[in-house]
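**Student:** What follows is a structure written as structure tokens; I'll ask about it next.
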Amino acid sequence: MTKEYKTIREIAGPLIFVEKTDPVGYNELVNITLPDGSTKRGQVLDTSEDIVVVQVFEGAGGLNRDSKVKFTGETIKLPVSKNLLGRILSGSGEPLDGGPRIVPEDRLDITGAAINPYARLPPKEFIQTGISTIDGMNTLVRGQKLPIFSGSGLPHNEIALQIARQAKVRGSDEQFAVVFAAMGITNEEAQYFMRDFERTGALERAVVFLNLANDPAVERLITPRLALTAAEYLAYEHDMHVLVILTDITNYCEALRQMGAAREEVPGRRGYPGYMYTDLASLYERAGVIKGRKGSVTQFSILSMPGDDITHPIPDLSGYITEGQIVISRELHRKGIYPPINVLPSLSRLMNSGIGATRTREDHKAVSDQLYAAYAEGKDLRGLVAIVGKDALSDRDKKFLEFADMFEDRFVRQGVDENRDIETTLDLGWELLASLPEAQLTRIDNKYIQKYHPAHKGKK
Amino acid sequence: MKTNGKIYRISGPVVIISGLNTSMFDVVKVGNEGLMGEVIGIEGDKSTVQVYEETSGIRPGEPVENTGMPLSVELGPGLLESIYDGIQRPLPVLKTKMGDFIKRGVFADGLSREKQWDFVPTAKKGDKVKGGDIIGTVQETQNIEHRIMVPPDMSGTIEEIKKGKFKVDEVVCTLSGGKKLTMMQKWPVRKPRPVGKKLTPNKPLITGQRILDGLFPVAKGGTAAIPGPFGSGKTVTQQQLAKWSDTEIVVYIGCGERGNEMADVLNEFPELEDPKTGRPLMERTVLIANTSNMPVAAREASVYTGITIAEYYRDMGYDVSLMADSTSRWAEAMREISSRLEEMPGEEGYPAYLAARLSEFYERSGRVQSLCGKEGSITVIGAVSPPGGDFSEPITQNTLRIVKVFWALDAKLAQRRHFPAINWLNSYSLYTKALGDWYKENVSPEWQKLRDDAMELLQKESELQEIVQLVGSDALPEDQQLTLEIARMIREYFLQQNAYHEVDTFCPMDKQFKLLKSITKWGNMAQSALEGGVQIEDIMKSKTKDDLAKVKFEKDFDTALGVILKSMDEEFKSLGGK
Ligand SMILES: Nc1ncnc2c1ncn2[C@@H]1O[C@H](COP(=O)(O)OP(=O)(O)OP(=O)(O)O)[C@@H](O)[C@H]1O
Ligand SMILES: [Mg+2]
């Protein structure tokens with residue numbers, strides 16, 4: 001019923017220009033058959049009565065004017081069913097694990113419609129990750145999008161996996177289902193994730209999409225959308241709490257840039273397309289909680305900052321969309337501290353609604369603020385010491401200097417399998433704060449000092 | 001109406017149509033589903049349309065119809081407490097019609113056609129009325145009286161005026177020549193509503209935020225920009241303004257930002273009380289939410305939808321404040337559309353008309369005498385999101401050329417959890433002089449000096465800090481150490497204000513004054529003590545100094561402060577000195 005055309009006029013990079021077609025829909029899925037019988041898929045980027053522009057996901061290699069183009073009449077869809085759990089699929093959704101094709105309960109458009117803001121429930125359920133720097137100072141909540149800003153050679157994968165293993169909502173046995181989408185990472189990295197999923201049995205509750213470094217870059221543009229479509233389906237149709245890990249967002253953005261260049265668009269900052277903010281938002285905003293639905297989608301994506309530069313357009317635009325960021329520090333990593341999370345530039349914007357007496361503990365906010373302030377001050381003093389020497393410091397300042405070291409060594413540092421509950425984290429915070437003169441704890445209400453400070457705790 | 005209009009080409013939100021007679025800014029219905037779009041360019045028999053809904057699957061050849069009307073909003077009772085998308089479709093209605101996700105092809109009236117309002121006429125038969133005149137009122141929410149006005153372009157003699165319950169589209173008044181008035185009027189969003197005359201702003205917008213009211217006030221009817229890198233506090237500040245500003249009406253535009261932030265506002269505002277009236281904040285608020293993942297063309301329109309609604313309430317004689325978070329996303333929407341149109345790009349790919357659009361928008365602010373003679377105002381506060389936090393980029397720079405108040409957010413302060421992270425050295429307000437009299441009369445004759453002294457001290461501090469960076473603070477002479485300490489108190493005790501603290505989130509002017517005065521008093525006493533020979537170490541141990549740190553959190557501030565001030569006198573007496 002749908003016609004096949006052999007009217008490719010031009011091939012430019014991953015784009016083909018097809019003429020003399022019947023009307024073709026914008027964003028439509030396209031099947032292309034090469035002269036050797038192999039097939040590729042693509043998507044309509046621009047359509048008019050005269051010419052249709054198609055981006056080819058598997059790249060244009062092998063394409064020529066004898067290739068046949070078939071417009072499917074529908075946008076790209078993901079076949080979904082609960083049986084997605086436990087499956088490993090390619091970056092374009094084909095089974096890679098030798099298992100059967102998914103027998104769909106439904107076929108969902110992968111672009112995903114925007115959640116009506118009026119239908120959203122503000123996220124507020126505390127997720128305990130067992131990592132002090134996150135739970136204590138950059139609390140993650142269900143339905144949040146909180147990426148890791150990292151750099152090459154830093155242990156972001158370990159951290160993501162530790163979170164995937166340990167994350168839970170306290171007082172509930174509900175498990176997270178994990179949707180994992182690899183975009184342009186190496187086979188070795190992918191194997192690292194897969195082994196850990198297998199070791200911990202997480203694979204049964206995971207859906208994996210793999211687009212590896214040697215897979216076509218254009219495919220990367222659909223991989224995260226497939227993953228998020230699967231996540232939404234599990235969350236909203238099957239009441240699951242889904243943790244989505246997309247890695248690496250930077251590779252996704254590179255693919256986006258490549259496509260922009262192929263289309264000869266006017267580039268924006270540092271060559272990335274002007275619409276990158278909007279495009280990234282169409283991924284990140286697919287996290288959330290919806291009123292009246294049980295499940296949720298939480299995003300914990302990985303992004304490596306080119307040149308460790310947080311002002312680079314990729315982390316910059318991401319930071320403008322996500323609800324905070326966890327920043328990995330090369331400096332802490334060099335000091336041998338795991339997880340090398342630098343709390344100062346890190347932020348969880350939804351922290352305030354996820355903590356406090358009813359959710360974590362009443363003193364949480366105050367302890368967190370005080371730890372920040374004290375650590376920031378201690379770190380500043382390090383700079384000063386480098387110039388004037390330690391002896392020039394007042395006693396008070398020396399205390400802060402020591403505090404910063406202790407903070408890194410005891411609060412930040414923890415084991416790869418060390419799962420600290422929130423009480424342990426907060427008590428540890430108090431223990432460190434107790435090394436400072438009590439009058440310096442200006443961010444903490446006296447009543448909490450009386451109740452939780454080691455010097456007063458338990459005394460009447 | 002039958003036409004031969006059809007789609008010629010589709011590229012994202014930009015659709016080119018042919019065979020249809022159009023004028024610029026006409027609203028057209030595109031494709032089989034009748035998606036709403038607006039004509040933004042005409043060339044030969046082809047028109048370029050920006051479409052406000054998702055265009056996936058739409059094909060060339062599908063029909064297009066012209067409504068012949070420019071993009072307009074519906075103005076009338078029922079705007080307050082609403083939440084709209086960028087083209088004034090109520091989000092609750094969209095939810096009812098299409099579920100939790102925003103799909104397309106659904107039309108929804110801006111104002112409910114079902115709800116009845118109690119119309120009380122204030123004009124009578126035989127009255128001569130002209131555009132902007134008030135002919136009656138409706139109690140829209142408990143504290144807001146909605147004044148029904150003659151549309152700006154109409155006038156005549158009242159032949160009949162009714163009283164009682166009506167729907168917004170029912171006739172309540174007939175003018176000579178059979179012109180019929182309802183409680184609703186439509187107005188094209190891109191056209192400013194006319195005013196009687198513009199007046200100079202002369203009163204501050206009181207926001208309850210110390211660094212704003214205290215150091216860098218914006219006037220009612222003025223303009224302010226709040227630029228800052230991600231996570232520095234634009235949204236929190238804008239929301240604080242929406243919550244606590246002393247205007248009668250608030251229009252809050254979430255333009256290309258997060259869905260959860262809007263959900264937050266929706267959740268919180270009905271619960272929070274307006275400090276002036278004690279009524280839920282939502283009752284004075286109109287929300288516009290076109291989040292980052294909603295169609296960009298509607299994002300572009302959202303800012304106009306918002307300001308037109310603001311103008312409408314201003315015309316009734318109200319003080320309105322409008323927050324746009326973020327104007328950068330609005331500009332980016334322009335850039336996105338412009339690049340699809342293959343227009344000549346200007347700086348950083350933004351269209352050449354960027355500066356003009358920005359100034360036209362801010363120009364719609366102001367304190368005015370409306371057509372009916374009442375005084376009203378619109379204060380516009382725009383957030384700016386500069387790439388990489390670099391203020392030299394085009395949106396920040398163009399905005400700063402227009403606005404009179406600059407609240408410079410600073411990533412370093414935010415990282416240090418100094419909130420609001422507004423840099424006191426870089427920020428400015430060009431209204432400080434003009435508002436001087438107001439502060440003198442309504443706060444205290446001492447205010448100006450307290451403020452100036454505090455600013456001077458902070459300036460001094462930054463100079464001293466440079467030295468400290470080289471030699472450490474202990475190497476400074478004692479009087480300078482004390483200066484640093486007093487400056488720190490101003491920063492931490494006065495400027496820092498936690499938006500999430502139940503008491504400190506809002507600080508009335510009187511409390512601001514007393515707090516700053518008390519800190520200054522401590523500083524003066526400490527200085528005299530030092531000059532009188534008291535050891536700096538002893539002064540630094542002052543207990544009242546520590547008490548001042550926390551007094552802002554006290555529910556009963558006045559009593560707590562009274563106690564501190566008393567012990568302050570005693571404390572310094574006991575320290576001795578000459
Ligand atoms: N006045 C304040 N009091 C307490 N916390 C604040 C205040 N202002 C900002 N913050 C903190 O800073 C965080 C970031 O603020 P906000 O969301 O307003 O940033 P933003 O500038 O709008 O960022 P973006 O451009 O990414 O939207 C908040 O989540 C909050 O934790
Ligand atoms: Mg914001």
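Residue names in the structure tokens use chain letters A, B, ... in the order shown, residue numbers from 1 in each chain, and ligand numbers from 1 in the order shown.
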At a cut-off of 6 Å and counting only C-alpha atoms and all ligand atoms, what residues surround ligand 1? Please answer as a ChimeraX atom specification.
**Tutor:** /A:319-321,349 /B:228-236,385,419-420,497-500
**Student:** Keeping only N, CA and C atoms, take the residues you just selected and write them out as a PDB file, in the first residue's frame.
**Tutor:**
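Below is the file again05.pdb, written as the result:
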ATOM      1  N   GLY A 319      22.456  21.821  32.817  1.00  0.00           N
ATOM      2  CA  GLY A 319      22.246  22.409  34.142  1.00  0.00           C
ATOM      3  C   GLY A 319      21.053  23.353  34.171  1.00  0.00           C
ATOM      4  N   TYR A 320      20.783  23.987  33.048  1.00  0.00           N
ATOM      5  CA  TYR A 320      19.640  24.891  32.964  1.00  0.00           C
ATOM      6  C   TYR A 320      18.308  24.135  32.895  1.00  0.00           C
ATOM      7  N   ILE A 321      18.377  22.822  32.645  1.00  0.00           N
ATOM      8  CA  ILE A 321      17.133  22.066  32.519  1.00  0.00           C
ATOM      9  C   ILE A 321      16.914  21.122  33.697  1.00  0.00           C
ATOM     10  N   ARG A 349      17.990  20.668  43.535  1.00  0.00           N
ATOM     11  CA  ARG A 349      17.008  21.729  43.761  1.00  0.00           C
ATOM     12  C   ARG A 349      15.763  21.230  44.428  1.00  0.00           C
TER      13      ARG A 349
ATOM     14  N   GLY B 228      21.644  35.266  35.688  1.00  0.00           N
ATOM     15  CA  GLY B 228      22.501  34.414  36.499  1.00  0.00           C
ATOM     16  C   GLY B 228      22.644  33.047  35.875  1.00  0.00           C
ATOM     17  N   PRO B 229      23.762  32.392  36.153  1.00  0.00           N
ATOM     18  CA  PRO B 229      23.982  31.055  35.621  1.00  0.00           C
ATOM     19  C   PRO B 229      22.988  30.058  36.221  1.00  0.00           C
ATOM     20  N   PHE B 230      22.989  28.853  35.732  1.00  0.00           N
ATOM     21  CA  PHE B 230      22.005  27.893  36.245  1.00  0.00           C
ATOM     22  C   PHE B 230      22.260  27.630  37.726  1.00  0.00           C
ATOM     23  N   GLY B 231      21.140  27.481  38.429  1.00  0.00           N
ATOM     24  CA  GLY B 231      21.246  27.155  39.846  1.00  0.00           C
ATOM     25  C   GLY B 231      21.659  28.302  40.736  1.00  0.00           C
ATOM     26  N   SER B 232      21.574  29.539  40.251  1.00  0.00           N
ATOM     27  CA  SER B 232      22.027  30.639  41.090  1.00  0.00           C
ATOM     28  C   SER B 232      20.866  31.325  41.818  1.00  0.00           C
ATOM     29  N   GLY B 233      19.648  31.010  41.432  1.00  0.00           N
ATOM     30  CA  GLY B 233      18.523  31.560  42.187  1.00  0.00           C
ATOM     31  C   GLY B 233      17.566  32.457  41.432  1.00  0.00           C
ATOM     32  N   LYS B 234      17.524  32.372  40.105  1.00  0.00           N
ATOM     33  CA  LYS B 234      16.584  33.194  39.348  1.00  0.00           C
ATOM     34  C   LYS B 234      15.153  32.811  39.688  1.00  0.00           C
ATOM     35  N   THR B 235      14.894  31.522  39.618  1.00  0.00           N
ATOM     36  CA  THR B 235      13.517  31.077  39.811  1.00  0.00           C
ATOM     37  C   THR B 235      13.066  31.293  41.254  1.00  0.00           C
ATOM     38  N   VAL B 236      13.937  30.963  42.199  1.00  0.00           N
ATOM     39  CA  VAL B 236      13.552  31.164  43.598  1.00  0.00           C
ATOM     40  C   VAL B 236      13.248  32.644  43.833  1.00  0.00           C
ATOM     41  N   SER B 385      19.050  33.936  31.384  1.00  0.00           N
ATOM     42  CA  SER B 385      19.888  32.751  31.602  1.00  0.00           C
ATOM     43  C   SER B 385      21.067  32.754  30.637  1.00  0.00           C
ATOM     44  N   PHE B 419      22.411  33.045  50.092  1.00  0.00           N
ATOM     45  CA  PHE B 419      21.187  33.337  49.340  1.00  0.00           C
ATOM     46  C   PHE B 419      20.473  34.523  49.942  1.00  0.00           C
ATOM     47  N   PRO B 420      19.807  35.306  49.122  1.00  0.00           N
ATOM     48  CA  PRO B 420      19.824  35.310  47.659  1.00  0.00           C
ATOM     49  C   PRO B 420      21.239  35.629  47.157  1.00  0.00           C
ATOM     50  N   GLN B 497      19.064  35.673  53.217  1.00  0.00           N
ATOM     51  CA  GLN B 497      17.666  35.471  53.546  1.00  0.00           C
ATOM     52  C   GLN B 497      17.210  34.164  52.914  1.00  0.00           C
ATOM     53  N   ASN B 498      16.843  33.246  53.766  1.00  0.00           N
ATOM     54  CA  ASN B 498      16.489  31.917  53.285  1.00  0.00           C
ATOM     55  C   ASN B 498      15.030  31.878  52.847  1.00  0.00           C
ATOM     56  N   ALA B 499      14.845  31.631  51.559  1.00  0.00           N
ATOM     57  CA  ALA B 499      13.489  31.612  51.015  1.00  0.00           C
ATOM     58  C   ALA B 499      12.639  30.499  51.616  1.00  0.00           C
ATOM     59  N   TYR B 500      13.298  29.495  52.166  1.00  0.00           N
ATOM     60  CA  TYR B 500      12.545  28.346  52.673  1.00  0.00           C
ATOM     61  C   TYR B 500      12.282  28.422  54.175  1.00  0.00           C
TER      62      TYR B 500
END
**Student:** Chain B near ligand 2 within 12 Å: what's each residue's closest atom pair and its distance in Å to one decimal, counting only C-alpha atoms and all ligand atoms, ordered by chain then ascending residue number, as JSON lines?
**Tutor:**
{"residue": "B:Ile226", "atom": "CA", "partner": "ligand 2", "partner_atom_place_in_ligand_line": "1 (Mg)", "distance": 10.7}
{"residue": "B:Pro227", "atom": "CA", "partner": "ligand 2", "partner_atom_place_in_ligand_line": "1 (Mg)", "distance": 10.3}
{"residue": "B:Gly228", "atom": "CA", "partner": "ligand 2", "partner_atom_place_in_ligand_line": "1 (Mg)", "distance": 9.3}
{"residue": "B:Pro229", "atom": "CA", "partner": "ligand 2", "partner_atom_place_in_ligand_line": "1 (Mg)", "distance": 9.2}
{"residue": "B:Phe230", "atom": "CA", "partner": "ligand 2", "partner_atom_place_in_ligand_line": "1 (Mg)", "distance": 6.9}
{"residue": "B:Gly231", "atom": "CA", "partner": "ligand 2", "partner_atom_place_in_ligand_line": "1 (Mg)", "distance": 6.8}
{"residue": "B:Ser232", "atom": "CA", "partner": "ligand 2", "partner_atom_place_in_ligand_line": "1 (Mg)", "distance": 8.1}
{"residue": "B:Gly233", "atom": "CA", "partner": "ligand 2", "partner_atom_place_in_ligand_line": "1 (Mg)", "distance": 6.7}
{"residue": "B:Lys234", "atom": "CA", "partner": "ligand 2", "partner_atom_place_in_ligand_line": "1 (Mg)", "distance": 5.2}
{"residue": "B:Thr235", "atom": "CA", "partner": "ligand 2", "partner_atom_place_in_ligand_line": "1 (Mg)", "distance": 4.0}
{"residue": "B:Val236", "atom": "CA", "partner": "ligand 2", "partner_atom_place_in_ligand_line": "1 (Mg)", "distance": 7.1}
{"residue": "B:Thr237", "atom": "CA", "partner": "ligand 2", "partner_atom_place_in_ligand_line": "1 (Mg)", "distance": 9.1}
{"residue": "B:Gln238", "atom": "CA", "partner": "ligand 2", "partner_atom_place_in_ligand_line": "1 (Mg)", "distance": 8.7}
{"residue": "B:Gln239", "atom": "CA", "partner": "ligand 2", "partner_atom_place_in_ligand_line": "1 (Mg)", "distance": 9.7}
{"residue": "B:Ile253", "atom": "CA", "partner": "ligand 2", "partner_atom_place_in_ligand_line": "1 (Mg)", "distance": 11.7}
{"residue": "B:Gly254", "atom": "CA", "partner": "ligand 2", "partner_atom_place_in_ligand_line": "1 (Mg)", "distance": 9.1}
{"residue": "B:Cys255", "atom": "CA", "partner": "ligand 2", "partner_atom_place_in_ligand_line": "1 (Mg)", "distance": 10.0}
{"residue": "B:Gly256", "atom": "CA", "partner": "ligand 2", "partner_atom_place_in_ligand_line": "1 (Mg)", "distance": 9.8}
{"residue": "B:Glu257", "atom": "CA", "partner": "ligand 2", "partner_atom_place_in_ligand_line": "1 (Mg)", "distance": 6.8}
{"residue": "B:Arg258", "atom": "CA", "partner": "ligand 2", "partner_atom_place_in_ligand_line": "1 (Mg)", "distance": 7.7}
{"residue": "B:Gly259", "atom": "CA", "partner": "ligand 2", "partner_atom_place_in_ligand_line": "1 (Mg)", "distance": 11.0}
{"residue": "B:Asn260", "atom": "CA", "partner": "ligand 2", "partner_atom_place_in_ligand_line": "1 (Mg)", "distance": 10.8}
{"residue": "B:Glu261", "atom": "CA", "partner": "ligand 2", "partner_atom_place_in_ligand_line": "1 (Mg)", "distance": 8.2}
{"residue": "B:Met262", "atom": "CA", "partner": "ligand 2", "partner_atom_place_in_ligand_line": "1 (Mg)", "distance": 10.7}
{"residue": "B:Thr291", "atom": "CA", "partner": "ligand 2", "partner_atom_place_in_ligand_line": "1 (Mg)", "distance": 11.4}
{"residue": "B:Ser292", "atom": "CA", "partner": "ligand 2", "partner_atom_place_in_ligand_line": "1 (Mg)", "distance": 11.4}
{"residue": "B:Met323", "atom": "CA", "partner": "ligand 2", "partner_atom_place_in_ligand_line": "1 (Mg)", "distance": 11.9}
{"residue": "B:Ala324", "atom": "CA", "partner": "ligand 2", "partner_atom_place_in_ligand_line": "1 (Mg)", "distance": 10.5}
{"residue": "B:Asp325", "atom": "CA", "partner": "ligand 2", "partner_atom_place_in_ligand_line": "1 (Mg)", "distance": 6.8}
{"residue": "B:Ser326", "atom": "CA", "partner": "ligand 2", "partner_atom_place_in_ligand_line": "1 (Mg)", "distance": 7.4}
{"residue": "B:Thr327", "atom": "CA", "partner": "ligand 2", "partner_atom_place_in_ligand_line": "1 (Mg)", "distance": 11.0}
{"residue": "B:Ser328", "atom": "CA", "partner": "ligand 2", "partner_atom_place_in_ligand_line": "1 (Mg)", "distance": 11.1}
{"residue": "B:Arg329", "atom": "CA", "partner": "ligand 2", "partner_atom_place_in_ligand_line": "1 (Mg)", "distance": 10.8}
{"residue": "B:Gly382", "atom": "CA", "partner": "ligand 2", "partner_atom_place_in_ligand_line": "1 (Mg)", "distance": 11.4}
{"residue": "B:Ala383", "atom": "CA", "partner": "ligand 2", "partner_atom_place_in_ligand_line": "1 (Mg)", "distance": 8.2}
{"residue": "B:Val384", "atom": "CA", "partner": "ligand 2", "partner_atom_place_in_ligand_line": "1 (Mg)", "distance": 9.3}
{"residue": "B:Ser385", "atom": "CA", "partner": "ligand 2", "partner_atom_place_in_ligand_line": "1 (Mg)", "distance": 8.3}
{"residue": "B:Pro386", "atom": "CA", "partner": "ligand 2", "partner_atom_place_in_ligand_line": "1 (Mg)", "distance": 11.8}
{"residue": "B:Leu409", "atom": "CA", "partner": "ligand 2", "partner_atom_place_in_ligand_line": "1 (Mg)", "distance": 11.9}
**Student:** I want to know what sits within 10 Å of B:Gly472, based on only C-alpha atoms, with residues of the same chain fewer than 3 positions away left out; could you give that as a ChimeraX atom specification?
**Tutor:** /A:381,384-385,387-394 /B:465-469,475-476
**Student:** With N, CA, C and O atoms kept, could you save the residues just selected as an mmCIF file, in the first residue's frame?
**Tutor:**
data_model
loop_
_atom_site.group_PDB
_atom_site.id
_atom_site.type_symbol
_atom_site.label_atom_id
_atom_site.label_comp_id
_atom_site.auth_asym_id
_atom_site.auth_seq_id
_atom_site.Cartn_x
_atom_site.Cartn_y
_atom_site.Cartn_z
ATOM 1 N N LEU A 381 40.442 28.689 52.843
ATOM 2 C CA LEU A 381 41.630 28.889 53.674
ATOM 3 C C LEU A 381 42.823 28.122 53.119
ATOM 4 O O LEU A 381 43.962 28.565 53.237
ATOM 5 N N LEU A 384 44.611 30.354 51.006
ATOM 6 C CA LEU A 384 45.356 31.349 51.761
ATOM 7 C C LEU A 384 46.636 30.750 52.336
ATOM 8 O O LEU A 384 47.714 31.348 52.276
ATOM 9 N N VAL A 385 46.509 29.540 52.892
ATOM 10 C CA VAL A 385 47.659 28.860 53.492
ATOM 11 C C VAL A 385 48.771 28.687 52.461
ATOM 12 O O VAL A 385 49.951 28.845 52.763
ATOM 13 N N ILE A 387 49.623 30.644 50.355
ATOM 14 C CA ILE A 387 50.359 31.895 50.181
ATOM 15 C C ILE A 387 51.073 32.326 51.468
ATOM 16 O O ILE A 387 52.255 32.613 51.471
ATOM 17 N N VAL A 388 50.344 32.344 52.579
ATOM 18 C CA VAL A 388 50.928 32.924 53.795
ATOM 19 C C VAL A 388 51.406 31.878 54.807
ATOM 20 O O VAL A 388 52.020 32.219 55.811
ATOM 21 N N GLY A 389 51.111 30.605 54.546
ATOM 22 C CA GLY A 389 51.529 29.573 55.510
ATOM 23 C C GLY A 389 50.501 29.406 56.615
ATOM 24 O O GLY A 389 49.718 30.307 56.902
ATOM 25 N N LYS A 390 50.516 28.263 57.216
ATOM 26 C CA LYS A 390 49.500 27.910 58.195
ATOM 27 C C LYS A 390 49.593 28.773 59.456
ATOM 28 O O LYS A 390 48.598 29.039 60.118
ATOM 29 N N ASP A 391 50.814 29.170 59.782
ATOM 30 C CA ASP A 391 51.019 29.895 61.030
ATOM 31 C C ASP A 391 50.322 31.244 61.063
ATOM 32 O O ASP A 391 50.018 31.773 62.123
ATOM 33 N N ALA A 392 50.081 31.802 59.882
ATOM 34 C CA ALA A 392 49.431 33.111 59.839
ATOM 35 C C ALA A 392 47.941 33.009 60.168
ATOM 36 O O ALA A 392 47.255 34.016 60.296
ATOM 37 N N LEU A 393 47.443 31.798 60.271
ATOM 38 C CA LEU A 393 46.009 31.647 60.527
ATOM 39 C C LEU A 393 45.690 31.789 62.010
ATOM 40 O O LEU A 393 46.476 31.415 62.873
ATOM 41 N N SER A 394 44.494 32.302 62.263
ATOM 42 C CA SER A 394 44.022 32.352 63.649
ATOM 43 C C SER A 394 43.607 30.939 64.066
ATOM 44 O O SER A 394 43.441 30.059 63.222
ATOM 45 N N GLN B 465 39.437 42.668 51.589
ATOM 46 C CA GLN B 465 39.564 41.232 51.294
ATOM 47 C C GLN B 465 40.757 40.955 50.392
ATOM 48 O O GLN B 465 41.430 39.943 50.527
ATOM 49 N N GLU B 466 41.008 41.898 49.492
ATOM 50 C CA GLU B 466 42.150 41.700 48.597
ATOM 51 C C GLU B 466 43.458 41.650 49.384
ATOM 52 O O GLU B 466 44.354 40.868 49.069
ATOM 53 N N ILE B 467 43.523 42.471 50.397
ATOM 54 C CA ILE B 467 44.733 42.454 51.231
ATOM 55 C C ILE B 467 44.795 41.169 52.038
ATOM 56 O O ILE B 467 45.838 40.518 52.129
ATOM 57 N N VAL B 468 43.624 40.802 52.599
ATOM 58 C CA VAL B 468 43.579 39.585 53.412
ATOM 59 C C VAL B 468 44.056 38.384 52.606
ATOM 60 O O VAL B 468 44.763 37.513 53.109
ATOM 61 N N GLN B 469 43.675 38.361 51.335
ATOM 62 C CA GLN B 469 44.098 37.272 50.466
ATOM 63 C C GLN B 469 45.614 37.131 50.413
ATOM 64 O O GLN B 469 46.152 36.075 50.127
ATOM 65 N N ALA B 475 46.856 39.926 60.182
ATOM 66 C CA ALA B 475 47.884 40.938 59.951
ATOM 67 C C ALA B 475 47.288 42.342 59.789
ATOM 68 O O ALA B 475 48.012 43.329 59.745
ATOM 69 N N LEU B 476 45.964 42.423 59.692
ATOM 70 C CA LEU B 476 45.340 43.740 59.520
ATOM 71 C C LEU B 476 45.314 44.500 60.846
ATOM 72 O O LEU B 476 45.232 43.889 61.909
#
**Student:** Which one is closest to chain A: B:Phe361, B:Phe553, B:Phe166, B:Tyr318? Count only C-alpha atoms.
**Tutor:**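 Ranking B:Phe361, B:Phe553, B:Phe166, B:Tyr318 by distance to chain A, first place goes to B:Phe553.
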**Student:** Which residues, written as a list of chain:residue names, have at least one atom at most 9 Å from A:Phe57, with only C-alpha atoms counted and residues fewer than 3 positions away on the same chain left out?
**Tutor:** A:Pro14, A:Lys40, A:Arg41, A:Gly42, A:Gln43, A:Ala60, A:Ser92, A:Pro216, A:Ala217, A:Val218, A:Glu219, A:Arg220, A:Leu221, A:Ile222
**Student:** Can you check which residues of chain A have any atom within 7 Å of chain B? Use only C-alpha atoms and format it as a compact mmCIF listing (two decimals) with C-alpha atoms, in the first residue's frame.
**Tutor:**
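Result file selection.txt:
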# COMPACT_ATOMS: atom_id res chain seq x y z
CA PRO A 23 2.68 13.77 0.47
CA VAL A 24 4.94 12.56 3.27
CA GLY A 25 4.37 13.38 6.93
CA TYR A 26 6.80 15.33 9.04
CA ASN A 27 8.84 13.08 11.40
CA GLU A 28 7.59 9.98 9.61
CA LEU A 45 13.21 16.09 8.91
CA ASP A 46 11.65 18.36 6.35
CA THR A 47 8.86 17.67 3.94
CA SER A 48 7.34 19.59 1.08
CA GLU A 49 5.57 19.00 -2.19
CA GLU A 74 3.71 6.77 10.87
CA THR A 75 6.17 8.23 13.33
CA ALA A 113 4.18 14.13 24.62
CA ALA A 114 4.92 16.75 27.26
CA ILE A 115 3.40 16.11 30.65
CA ASN A 116 0.76 18.74 31.29
CA PRO A 117 2.31 20.79 34.14
CA TYR A 118 -1.09 20.78 35.78
CA ALA A 119 -0.99 16.97 35.91
CA ARG A 120 2.37 16.87 37.66
CA LEU A 121 2.80 16.12 41.31
CA PRO A 122 5.80 17.96 42.77
CA VAL A 266 23.56 28.08 11.36
CA GLY A 268 24.94 28.16 17.88
CA GLY A 274 20.70 26.62 18.55
CA TYR A 275 17.85 24.28 19.46
CA THR A 278 14.89 22.52 23.54
CA ALA A 281 14.63 19.44 27.46
CA SER A 282 12.57 16.98 25.43
CA GLU A 285 11.61 16.80 31.10
CA THR A 311 30.50 26.22 31.20
CA HIS A 312 30.76 24.08 28.05
CA ASP A 316 25.63 24.33 30.75
CA GLY A 319 22.25 22.41 34.14
CA TYR A 320 19.64 24.89 32.96
CA ILE A 321 17.13 22.07 32.52
CA LEU A 344 30.22 22.86 46.48
CA PRO A 345 29.15 23.09 42.83
CA TYR A 372 28.52 23.49 53.15
CA ALA A 373 29.45 26.74 54.79
CA ALA A 376 33.59 26.20 51.69
CA LEU A 384 45.36 31.35 51.76
CA ILE A 387 50.36 31.89 50.18
CA VAL A 388 50.93 32.92 53.79
CA ALA A 392 49.43 33.11 59.84
CA LEU A 393 46.01 31.65 60.53
CA SER A 394 44.02 32.35 63.65
**Student:** Which one is closest to B:Asn398: B:Arg357, B:Lys276, B:Lys6, B:Lys203? Count only C-alpha atoms.
**Tutor:**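 Checking each of B:Arg357, B:Lys276, B:Lys6, B:Lys203 against B:Asn398, counting only C-alpha atoms, the winner is B:Arg357.
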**Student:** Compile the contact shell of B:Ser528 as a PyMOL selection string: residues with an atom at most 12 Å away, counting only C-alpha atoms, same-chain residues fewer than 6 positions apart removed.
**Tutor:** chain B and resi 479+482+521-522+534-536+539+572-573+575-578
